[in-house]
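Asker: Sharing entry_22.cif here; it has mmCIF, C-alpha atoms.
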```
data_target
loop_
_atom_site.label_atom_id
_atom_site.label_comp_id
_atom_site.auth_asym_id
_atom_site.auth_seq_id
_atom_site.Cartn_x
_atom_site.Cartn_y
_atom_site.Cartn_z
CA MET A 146 -19.21 -2.23 18.19
CA GLU A 147 -22.83 -1.99 19.36
CA ASN A 148 -22.56 1.80 19.58
CA ILE A 149 -21.43 2.30 15.99
CA LYS A 150 -24.03 -0.20 14.79
CA LYS A 151 -26.72 2.02 16.32
CA ILE A 152 -25.21 5.14 14.76
CA THR A 153 -25.13 3.41 11.38
CA GLN A 154 -28.82 2.52 11.59
CA ILE A 155 -29.70 6.09 12.57
CA ALA A 156 -27.73 7.36 9.56
CA LEU A 157 -29.46 4.94 7.17
CA ASN A 158 -32.87 5.93 8.55
CA GLU A 159 -32.03 9.60 8.05
CA LEU A 160 -30.96 8.93 4.46
CA LYS A 161 -34.24 7.10 3.74
CA THR A 162 -36.23 9.88 5.39
CA ALA A 163 -34.41 12.42 3.21
CA GLY A 164 -35.60 10.53 0.14
CA ALA A 165 -32.85 8.04 -0.77
CA ASP A 166 -33.99 4.96 -2.68
CA HIS A 167 -30.95 3.05 -1.42
CA ALA A 168 -28.19 4.03 1.02
CA GLN A 169 -24.91 2.94 2.54
CA CYS A 170 -23.10 4.07 5.67
CA VAL A 171 -19.52 3.30 6.74
CA ILE A 172 -18.35 4.38 10.20
CA THR A 173 -14.74 4.24 11.33
CA LYS A 174 -13.65 5.03 14.89
CA GLY A 175 -9.92 4.98 15.57
CA VAL A 176 -7.61 5.80 18.45
CA SER A 177 -3.82 6.00 18.21
CA ASP A 178 -1.08 6.14 20.84
CA GLU A 179 1.69 7.99 19.01
CA ILE A 180 5.39 8.57 19.67
CA ASN A 181 7.25 11.19 17.60
CA ILE A 182 11.03 11.21 17.28
CA ASP A 183 12.77 14.25 15.80
CA ASN A 184 16.52 14.38 15.18
CA GLY A 185 16.99 11.13 17.05
CA GLU A 186 15.21 12.18 20.26
CA ILE A 187 11.65 11.57 21.46
CA SER A 188 9.83 14.88 21.02
CA LEU A 189 6.15 14.05 21.52
CA MET A 190 3.81 11.44 22.95
CA ARG A 191 0.08 11.79 22.41
CA SER A 192 -3.23 10.04 21.79
CA LEU A 193 -5.26 10.83 18.69
CA PHE A 194 -8.93 10.12 18.07
CA ASP A 195 -10.37 9.87 14.59
CA ASP A 196 -14.08 9.37 13.83
CA LYS A 197 -15.28 9.27 10.24
CA ILE A 198 -18.65 8.64 8.65
CA ALA A 199 -19.08 8.10 4.92
CA LEU A 200 -22.63 8.28 3.56
CA LYS A 201 -23.83 7.25 0.10
CA ALA A 202 -27.31 7.86 -1.24
CA LEU A 203 -28.87 6.59 -4.48
CA LYS A 204 -31.87 8.44 -5.88
CA ASP A 205 -33.36 7.83 -9.32
CA SER A 206 -30.15 6.11 -10.49
CA LYS A 207 -28.08 9.05 -9.28
CA LYS A 208 -25.41 8.94 -6.57
CA GLY A 209 -24.44 11.35 -3.82
CA VAL A 210 -21.65 10.91 -1.27
CA ILE A 211 -20.62 12.93 1.76
CA GLY A 212 -18.23 12.53 4.68
CA ILE A 213 -18.54 13.95 8.20
CA ASN A 214 -16.82 13.47 11.56
CA LYS A 215 -19.75 14.04 13.92
CA THR A 216 -22.13 11.33 15.12
CA ASP A 217 -24.91 13.28 16.88
CA LYS A 218 -28.43 12.97 15.44
CA ALA A 219 -28.63 16.59 14.24
CA SER A 220 -25.37 16.26 12.29
CA LEU A 221 -26.48 12.95 10.76
CA GLU A 222 -29.83 14.46 9.75
CA GLN A 223 -28.17 17.45 8.05
CA ALA A 224 -25.56 15.26 6.34
CA ALA A 225 -28.25 12.90 5.05
CA LYS A 226 -30.17 15.80 3.48
CA GLU A 227 -27.01 17.12 1.81
CA CYS A 228 -26.11 13.64 0.57
CA VAL A 229 -29.51 13.20 -1.12
CA GLU A 230 -29.28 16.72 -2.56
CA ALA A 231 -25.90 15.80 -4.02
CA ALA A 232 -27.45 12.72 -5.60
CA LEU A 233 -30.27 14.74 -7.17
CA ALA A 234 -27.71 17.15 -8.65
CA SER A 235 -25.58 14.38 -10.18
CA VAL A 236 -25.86 12.64 -13.55
CA GLU A 237 -28.14 9.62 -13.96
CA ASP A 238 -26.15 6.41 -14.29
CA ASP A 239 -27.64 2.90 -14.25
CA ALA A 240 -24.34 1.46 -13.00
CA VAL A 241 -24.50 3.08 -9.55
CA SER A 242 -25.45 0.61 -6.82
CA ILE A 243 -24.89 -0.67 -3.31
CA ALA A 244 -23.76 -4.15 -2.29
CA GLU A 245 -26.24 -6.99 -2.39
CA PHE A 246 -26.88 -8.96 0.80
CA THR A 247 -25.00 -12.26 1.08
CA GLU A 248 -24.17 -12.85 4.74
CA ASN A 249 -23.39 -10.66 7.72
CA ARG A 250 -20.15 -11.11 9.66
CA ASP A 251 -17.93 -9.44 12.23
CA PHE A 252 -14.13 -9.67 11.96
CA VAL A 253 -11.55 -9.24 14.71
CA THR A 254 -7.86 -9.10 13.74
CA GLY A 255 -4.59 -8.00 15.29
CA ILE A 256 -4.21 -7.07 18.94
CA SER A 257 -6.96 -5.35 20.92
CA GLU A 258 -4.76 -3.87 23.67
CA PRO A 259 -1.26 -2.38 23.33
CA ASP A 260 1.62 -3.02 25.69
CA ARG A 261 2.52 0.65 26.01
CA ASP A 262 5.51 0.20 28.31
CA ARG A 263 7.00 -2.52 26.12
CA PHE A 264 6.39 -0.46 22.97
CA PHE A 265 8.16 2.54 24.52
CA ASP A 266 11.08 0.33 25.53
CA ARG A 267 11.28 -1.12 22.01
CA MET A 268 11.37 2.39 20.53
CA MET A 269 14.17 3.46 22.87
CA GLU A 270 16.00 0.28 21.88
CA TYR A 271 15.37 1.13 18.21
CA ILE A 272 17.02 4.53 18.57
CA GLY A 273 19.94 2.96 20.40
CA ASP A 274 20.39 0.19 17.83
CA ILE A 275 20.57 2.69 14.98
CA LYS A 276 23.11 4.86 16.81
CA ALA A 277 25.26 1.83 17.67
CA ASP A 278 25.06 -0.14 14.40
CA TYR A 279 24.76 2.72 11.89
CA PRO A 280 26.50 5.75 13.43
CA LYS A 281 26.31 7.81 10.25
CA ILE A 282 22.50 7.54 10.07
CA HIS A 283 20.58 10.62 11.12
CA LEU A 284 16.95 9.98 12.06
CA GLU A 285 15.22 13.06 10.75
CA GLN A 286 11.77 11.98 11.86
CA VAL A 287 10.11 8.83 13.14
CA VAL A 288 6.41 8.38 13.83
CA ALA A 289 5.55 5.24 15.81
CA ASP A 290 2.06 4.32 16.90
CA TYR A 291 -0.37 1.71 18.08
CA THR A 292 -3.75 2.16 16.39
CA TYR A 293 -7.01 0.45 17.24
CA CYS A 294 -9.83 0.87 14.74
CA GLU A 295 -13.48 -0.15 14.77
CA SER A 296 -15.31 0.01 11.45
CA PHE A 297 -18.84 -0.89 10.50
CA THR A 298 -20.43 -1.06 7.06
CA ALA A 299 -24.19 -1.26 6.54
CA ASN A 300 -26.68 -0.56 3.79
CA THR A 301 -30.38 -0.67 3.09
CA ASN A 302 -30.09 -4.11 1.49
CA GLY A 303 -29.44 -5.55 4.96
CA VAL A 304 -25.63 -5.71 4.70
CA GLU A 305 -23.84 -5.43 8.08
CA TYR A 306 -20.10 -6.00 8.43
CA GLY A 307 -17.90 -5.07 11.38
CA HIS A 308 -14.11 -5.13 11.59
CA ASN A 309 -12.04 -4.41 14.70
CA HIS A 310 -8.26 -4.28 14.32
CA GLY A 311 -5.23 -3.19 16.31
CA SER A 312 -1.57 -3.06 15.30
CA TYR A 313 1.73 -1.19 15.67
CA SER A 314 3.55 0.76 12.98
CA VAL A 315 6.80 2.69 12.59
CA SER A 316 7.53 5.16 9.80
CA ALA A 317 11.07 6.57 9.59
CA MET A 318 12.68 9.25 7.42
CA PHE A 319 16.46 9.31 7.54
CA SER A 320 19.69 10.31 5.81
CA ALA A 321 23.41 9.74 6.36
CA HIS A 322 25.92 12.39 7.47
CA GLU A 323 29.70 12.42 7.71
CA GLY A 324 31.50 15.73 8.11
CA GLU A 325 30.34 17.98 5.28
CA LYS A 326 28.91 15.05 3.32
CA THR A 327 25.23 14.14 3.39
CA THR A 328 22.88 11.91 1.41
CA SER A 329 19.38 12.46 0.14
CA PHE A 330 16.68 11.25 2.51
CA ASN A 331 15.15 7.80 2.41
CA MET A 332 12.10 6.31 4.09
CA CYS A 333 10.87 3.01 5.47
CA ASP A 334 7.56 1.85 6.91
CA VAL A 335 6.78 -1.30 8.86
CA SER A 336 3.57 -2.56 10.45
CA PHE A 337 3.49 -5.37 12.98
CA MET A 338 1.29 -7.10 15.54
CA GLY A 339 3.77 -8.07 18.24
CA LEU A 340 6.77 -6.81 20.16
CA ASP A 341 8.77 -10.02 20.34
CA LYS A 342 11.32 -8.83 17.74
CA LYS A 343 13.60 -5.82 17.62
CA ILE A 344 11.95 -3.13 15.51
CA ILE A 345 15.17 -2.56 13.55
CA ASP A 346 15.01 -6.17 12.34
CA LEU A 347 11.58 -5.76 10.73
CA GLY A 348 11.20 -5.30 6.98
CA MET A 349 14.43 -4.35 5.21
CA GLN A 350 15.45 -1.52 7.52
CA ARG A 351 18.98 -2.80 8.17
CA THR A 352 19.60 -3.05 4.43
CA LEU A 353 18.32 0.49 3.90
CA PHE A 354 20.47 1.93 6.71
CA GLU A 355 23.55 0.11 5.43
CA GLN A 356 22.94 1.31 1.88
CA CYS A 357 22.33 4.87 3.05
CA GLU A 358 25.76 5.04 4.72
CA LYS A 359 27.36 3.84 1.47
CA GLU A 360 25.60 6.64 -0.42
CA LEU A 361 27.89 9.23 1.18
CA ASP A 362 30.41 8.69 -1.63
CA PRO A 363 28.39 8.46 -4.86
CA ILE A 364 29.67 8.57 -8.41
CA SER A 365 28.09 9.96 -11.55
CA LEU A 366 27.60 7.81 -14.63
CA ASP A 367 29.74 8.93 -17.55
CA GLU A 368 27.73 7.12 -20.19
CA LYS A 369 24.24 6.07 -21.17
CA PHE A 370 23.49 2.37 -21.46
CA VAL A 371 20.60 -0.06 -21.78
CA GLY A 372 20.92 -2.95 -19.38
CA ARG A 373 19.57 -4.95 -16.48
CA ALA A 374 18.04 -3.25 -13.46
CA VAL A 375 17.44 -5.01 -10.16
CA PHE A 376 14.50 -3.40 -8.39
CA ALA A 377 14.40 -3.56 -4.60
CA PRO A 378 11.10 -4.84 -3.12
CA ILE A 379 9.64 -1.47 -2.09
CA CYS A 380 10.52 0.06 -5.45
CA PHE A 381 9.11 -2.86 -7.44
CA SER A 382 5.88 -2.70 -5.43
CA ASP A 383 5.51 1.00 -6.35
CA LEU A 384 6.11 0.24 -10.03
CA LEU A 385 3.53 -2.56 -9.92
CA GLY A 386 1.03 -0.11 -8.46
CA SER A 387 1.71 2.32 -11.30
CA ALA A 388 1.39 -0.43 -13.92
CA PHE A 389 -1.88 -1.74 -12.53
CA GLY A 390 -3.22 1.82 -12.20
CA ASN A 391 -2.75 2.21 -15.95
CA PHE A 392 -3.60 -1.28 -17.15
CA ILE A 393 -6.31 -2.90 -15.00
CA ASN A 394 -8.14 -0.27 -12.92
CA ASP A 395 -11.53 1.37 -13.39
CA VAL A 396 -10.81 4.39 -15.58
CA THR A 397 -8.67 2.80 -18.29
CA ILE A 398 -10.89 -0.27 -18.53
CA ILE A 399 -14.10 1.77 -18.72
CA ASP A 400 -12.51 4.06 -21.32
CA LYS A 401 -10.92 1.08 -23.14
CA THR A 402 -7.57 2.90 -23.15
CA SER A 403 -5.70 0.17 -21.26
CA PRO A 404 -3.04 -1.67 -23.29
CA TRP A 405 -4.32 -4.81 -21.54
CA TYR A 406 -8.00 -4.26 -22.31
CA PHE A 407 -8.18 -7.39 -24.49
CA SER A 408 -5.56 -9.34 -22.53
CA LEU A 409 -7.52 -11.28 -19.89
CA GLY A 410 -6.33 -14.87 -19.96
CA THR A 411 -3.30 -14.06 -22.09
CA LYS A 412 0.37 -13.76 -21.19
CA VAL A 413 1.30 -10.17 -20.27
CA ALA A 414 4.45 -10.79 -18.21
CA SER A 415 7.34 -13.14 -17.72
CA GLY A 416 6.32 -16.62 -16.61
CA SER A 417 8.28 -16.03 -13.41
CA LEU A 418 5.82 -13.34 -12.25
CA THR A 419 2.84 -14.11 -10.02
CA VAL A 420 1.07 -11.26 -8.23
CA THR A 421 -1.77 -11.82 -5.78
CA ALA A 422 -3.87 -9.15 -4.10
CA ALA A 423 -3.92 -10.82 -0.69
CA PRO A 424 -5.26 -8.82 2.27
CA LEU A 425 -6.09 -12.10 4.05
CA ASP A 426 -2.51 -13.40 3.88
CA GLU A 427 -1.30 -14.00 7.45
CA ARG A 428 1.79 -11.85 6.77
CA ILE A 429 -0.32 -8.79 5.96
CA VAL A 430 -1.02 -6.54 8.95
CA GLY A 431 -4.44 -4.92 8.96
CA GLY A 432 -5.57 -6.24 5.60
CA GLU A 433 -9.11 -5.27 4.68
CA ARG A 434 -11.95 -7.62 5.44
CA VAL A 435 -14.66 -5.61 3.68
CA THR A 436 -14.24 -4.02 0.24
CA ASP A 437 -14.93 -0.37 -0.49
CA ASP A 438 -18.16 -1.50 -2.17
CA GLY A 439 -19.36 -3.42 0.89
CA TYR A 440 -18.54 -7.04 0.11
CA ILE A 441 -16.47 -9.55 2.09
CA SER A 442 -12.87 -9.42 0.84
CA GLU A 443 -11.12 -12.42 -0.68
CA ASN A 444 -7.62 -12.94 -2.05
CA TYR A 445 -7.30 -13.14 -5.82
CA ASP A 446 -4.60 -13.51 -8.46
CA ILE A 447 -3.93 -10.56 -10.73
CA ILE A 448 -1.14 -12.31 -12.64
CA ARG A 449 -0.39 -16.02 -12.37
CA ASP A 450 2.76 -17.39 -14.07
CA GLY A 451 2.73 -14.38 -16.40
CA TYR A 452 -0.95 -14.68 -17.40
CA LEU A 453 -3.41 -11.90 -16.63
CA LYS A 454 -6.12 -13.47 -14.48
CA SER A 455 -8.17 -10.50 -13.35
CA PHE A 456 -8.72 -6.78 -13.70
CA SER A 457 -9.06 -4.73 -10.49
CA LEU A 458 -12.53 -3.28 -10.87
CA SER A 459 -14.97 -1.72 -8.46
CA GLU A 460 -18.59 -2.81 -8.57
CA TYR A 461 -19.41 0.35 -10.54
CA ALA A 462 -16.78 -0.40 -13.20
CA ALA A 463 -17.89 -4.02 -13.33
CA LYS A 464 -21.49 -3.02 -14.00
CA LYS A 465 -20.35 -0.39 -16.49
CA THR A 466 -18.28 -2.86 -18.50
CA GLY A 467 -20.11 -6.14 -17.89
CA MET A 468 -16.95 -7.61 -16.37
CA ASP A 469 -16.30 -9.18 -12.96
CA ARG A 470 -15.94 -7.16 -9.79
CA SER A 471 -12.64 -7.56 -7.97
CA LYS A 472 -12.65 -9.70 -4.86
CA ASN A 473 -10.91 -7.02 -2.80
CA SER A 474 -9.90 -3.37 -3.10
CA SER A 475 -6.72 -3.42 -1.04
CA GLY A 476 -3.66 -3.68 -3.27
CA CYS A 477 -1.85 -5.81 -0.67
CA PHE A 478 0.58 -7.36 -3.15
CA VAL A 479 2.11 -10.76 -2.52
CA VAL A 480 4.59 -11.49 -5.32
CA GLY A 481 5.73 -15.07 -5.75
CA ASN A 482 9.43 -15.56 -5.07
CA GLY A 483 11.90 -17.30 -7.34
CA THR A 484 14.53 -19.96 -6.73
CA LYS A 485 17.71 -17.91 -7.17
CA LYS A 486 19.52 -16.02 -4.42
CA LEU A 487 19.82 -12.26 -4.87
CA GLY A 488 23.59 -12.54 -4.77
CA ASP A 489 23.56 -15.06 -7.61
CA ILE A 490 21.29 -12.81 -9.67
CA ILE A 491 23.75 -9.94 -9.27
CA LYS A 492 26.74 -12.16 -10.10
CA GLU A 493 25.32 -12.65 -13.60
CA ILE A 494 25.17 -8.91 -14.37
CA ASP A 495 28.16 -7.35 -16.15
CA LYS A 496 26.75 -3.83 -15.99
CA GLY A 497 23.47 -2.73 -14.51
CA ILE A 498 21.82 -0.82 -11.71
CA LEU A 499 20.30 -1.66 -8.33
CA VAL A 500 17.27 0.62 -8.00
CA CYS A 501 16.12 1.14 -4.44
CA ARG A 502 13.83 4.16 -4.89
CA PHE A 503 12.23 5.78 -7.94
CA SER A 504 11.02 9.35 -8.22
CA GLY A 505 9.10 10.30 -11.33
CA GLY A 506 5.81 11.56 -12.69
CA SER A 507 2.84 9.41 -13.57
CA PRO A 508 3.56 7.05 -16.47
CA ALA A 509 1.88 7.56 -19.83
CA ILE A 510 -1.24 5.53 -20.60
CA ASN A 511 0.86 3.08 -22.60
CA GLY A 512 3.22 2.59 -19.64
CA ASP A 513 6.18 4.74 -20.73
CA PHE A 514 7.98 6.09 -17.67
CA SER A 515 11.09 8.06 -16.81
CA GLY A 516 12.45 9.48 -13.61
CA VAL A 517 15.26 9.50 -11.11
CA ALA A 518 16.72 6.38 -9.51
CA LYS A 519 17.44 7.50 -5.95
CA ASN A 520 19.37 5.63 -3.24
CA SER A 521 20.65 3.36 -6.02
CA PHE A 522 23.88 1.58 -6.94
CA LEU A 523 25.90 0.65 -10.01
CA ILE A 524 26.31 -3.08 -10.63
CA GLU A 525 29.59 -4.00 -12.34
CA ASP A 526 31.29 -7.32 -12.98
CA GLY A 527 28.78 -9.25 -10.90
CA ARG A 528 28.88 -7.14 -7.75
CA VAL A 529 27.19 -4.10 -6.27
CA ALA A 530 29.73 -1.33 -6.76
CA SER A 531 29.52 2.41 -6.07
CA ALA A 532 26.49 4.35 -4.99
CA LEU A 533 25.14 6.54 -7.78
CA SER A 534 24.30 10.19 -7.65
CA GLU A 535 20.76 10.75 -8.85
CA THR A 536 20.54 8.89 -12.16
CA MET A 537 17.81 8.88 -14.79
CA ILE A 538 16.14 5.61 -15.78
CA SER A 539 13.40 5.05 -18.33
CA GLY A 540 11.42 2.26 -19.90
CA ASN A 541 7.92 0.95 -20.43
CA LEU A 542 5.98 -0.74 -17.63
CA ALA A 543 4.31 -3.30 -19.89
CA ASP A 544 7.65 -4.22 -21.49
CA MET A 545 9.31 -4.26 -18.08
CA LEU A 546 6.98 -6.99 -16.81
CA LYS A 547 7.64 -9.05 -19.95
CA ASN A 548 11.40 -8.56 -19.63
CA ILE A 549 11.77 -9.89 -16.07
CA SER A 550 14.86 -12.06 -16.14
CA ASP A 551 14.99 -13.19 -12.50
CA VAL A 552 12.99 -13.07 -9.27
CA SER A 553 14.87 -13.55 -6.02
CA GLU A 554 14.32 -16.35 -3.55
CA GLU A 555 14.42 -13.79 -0.73
CA THR A 556 11.36 -11.65 0.00
CA VAL A 557 10.71 -8.65 2.21
CA CYS A 558 7.57 -8.34 4.31
CA ASP A 559 6.85 -4.90 5.79
CA GLY A 560 3.30 -5.72 6.88
CA SER A 561 1.66 -4.26 3.76
CA GLY A 562 3.07 -6.65 1.16
CA VAL A 563 5.47 -9.52 0.50
CA ILE A 564 7.84 -8.70 -2.35
CA PRO A 565 11.12 -10.16 -3.74
CA TRP A 566 13.90 -8.41 -5.64
CA VAL A 567 13.16 -8.41 -9.38
CA ALA A 568 15.69 -8.15 -12.23
CA VAL A 569 14.52 -6.59 -15.50
CA ASP A 570 16.25 -6.29 -18.89
CA GLY A 571 15.98 -3.36 -21.27
CA ILE A 572 16.06 -0.44 -18.81
CA THR A 573 17.71 2.73 -20.12
CA VAL A 574 20.16 4.26 -17.61
CA SER A 575 21.60 7.73 -18.25
#
```
Before anything else, please render the file you have as structure tokens.
Answerer:
Amino acid sequence: MENIKKITQIALNELKTAGADHAQCVITKGVSDEINIDNGEISLMRSLFDDKIALKALKDSKKGVIGINKTDKASLEQAAKECVEAALASVEDDAVSIAEFTENRDFVTGISEPDRDRFFDRMMEYIGDIKADYPKIHLEQVVADYTYCESFTANTNGVEYGHNHGSYSVSAMFSAHEGEKTTSFNMCDVSFMGLDKKIIDLGMQRTLFEQCEKELDPISLDEKFVGRAVFAPICFSDLLGSAFGNFINDVTIIDKTSPWYFSLGTKVASGSLTVTAAPLDERIVGGERVTDDGYISENYDIIRDGYLKSFSLSEYAAKKTGMDRSKNSSGCFVVGNGTKKLGDIIKEIDKGILVCRFSGGSPAINGDFSGVAKNSFLIEDGRVASALSETMISGNLADMLKNISDVSEETVCDGSGVIPWVAVDGITVS
């Protein structure tokens, strides 16, 4: 940590020497021990090193930014000059700023040293478990790693924050095969800080592998209908991200094009929906401790019991609009669970769809969306029936959040969020 602190101070001095009125520097130094698995066999083991420096200079209410991956004094001097030149060439804007000083802190999270032998053994076990329990699953590619990262944020207002973190992660892409039959690919990602559990038991991997094998015999829908869709946790998290990108983030709030622009404090969703941006939740692996703007991160509610509690605004957008800056910039969603079992939710559906993955373009500004429900299943007569060949679904994100009929008691934690299954009325399936 002391080394990158010194580099940061050198960078800030170079920015001031180059003419910056105010400046910020963020240094990140990471090292990863990586295992690659291709076609079910270990194909590569390597260590990767990743150094990044992000510089920001303010000059006459203008902003310049630049990124480099070298830390020697000559490179920092040249980068600082280019950063100030970029600021001088930009447009004057009174909303550009750097973080004000509050307190300085260092954060240490996760595990500082990997157990490489145990991690390798767990990965070999992982491959074996999949072959034994899900023989039709073909692991197309798996990337597993332990990553340790040191980051340090400092600016000319006296801000100094350090964060050291280490954790494991596994990212798998897979499909199912049986004779001439094959499914489309699916993916899963899990992050974790210990090796006490089997990797296959983390997140919802077993559910995904089981579903993938069932997708070998899909059916096509013979009719269009409007009904209830049950969104799997990963899929619902993606849809939330799309909704918030349209409704509460910088651009649409600054431009006043968000359908929720006048909705703070009002009900925008079903009363069963609570969404918290919670990087400090103990279930989140590697959650941020310092925001992109250089402030200490805190958890905050976006939606509480259906009511919109906060926009997700950077400091720039907050100054531009006169609204409050968000307390973090992470998007680590923790969605409050309900009181009904997933099985009981499905029992109440005469005809609907279980959506496990969604592939579509960006939604319209008003939230209209359409795309393909992949790795999904027909729900009939209160049970999950046949797998569906790629099926179109459409709706409106704002209406979808209002039309939530049930939230499951069960949740899935993959290290980046904690999400239940969510049932929504009014989805068009065709």
Asker: Pick out the closest residue to A:Asp205 from this set: A:Ala165, A:Val176, A:Val567, A:Ile243. Count only C-alpha atoms.
Answerer: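 Using only C-alpha atoms, A:Asp205 sits closest to A:Ala165.
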Asker: Looking at only C-alpha atoms, which of A:Lys342, A:Gly571, A:Ser475, A:Ile399 is the one that sits closest to A:Ile441?
Answerer: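 Of A:Lys342, A:Gly571, A:Ser475, A:Ile399, the one nearest A:Ile441 is A:Ser475, counting only C-alpha atoms.
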Asker: Have a look at A:Lys281, A:Lys207, A:Arg373, A:His167 and name the one nearest to A:Glu230; count all atoms listed in the file.
Answerer: A:Lys207
Asker: My list of candidates is A:Ile448, A:Gly255, A:Met537, A:Ser471. Which is closest to A:Ser515 when distances are computed with all atoms listed in the file?
Answerer: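 When distances to A:Ser515 are compared using all atoms listed in the file, the smallest one comes from A:Met537.
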Asker: Output the residue selection produced by the PyMOL selection byres ((chain A and resi 421) around 8) on the file above, formatted as a PyMOL selection string.
Answerer: chain A and resi 419-420+422-423+444-449+477-480
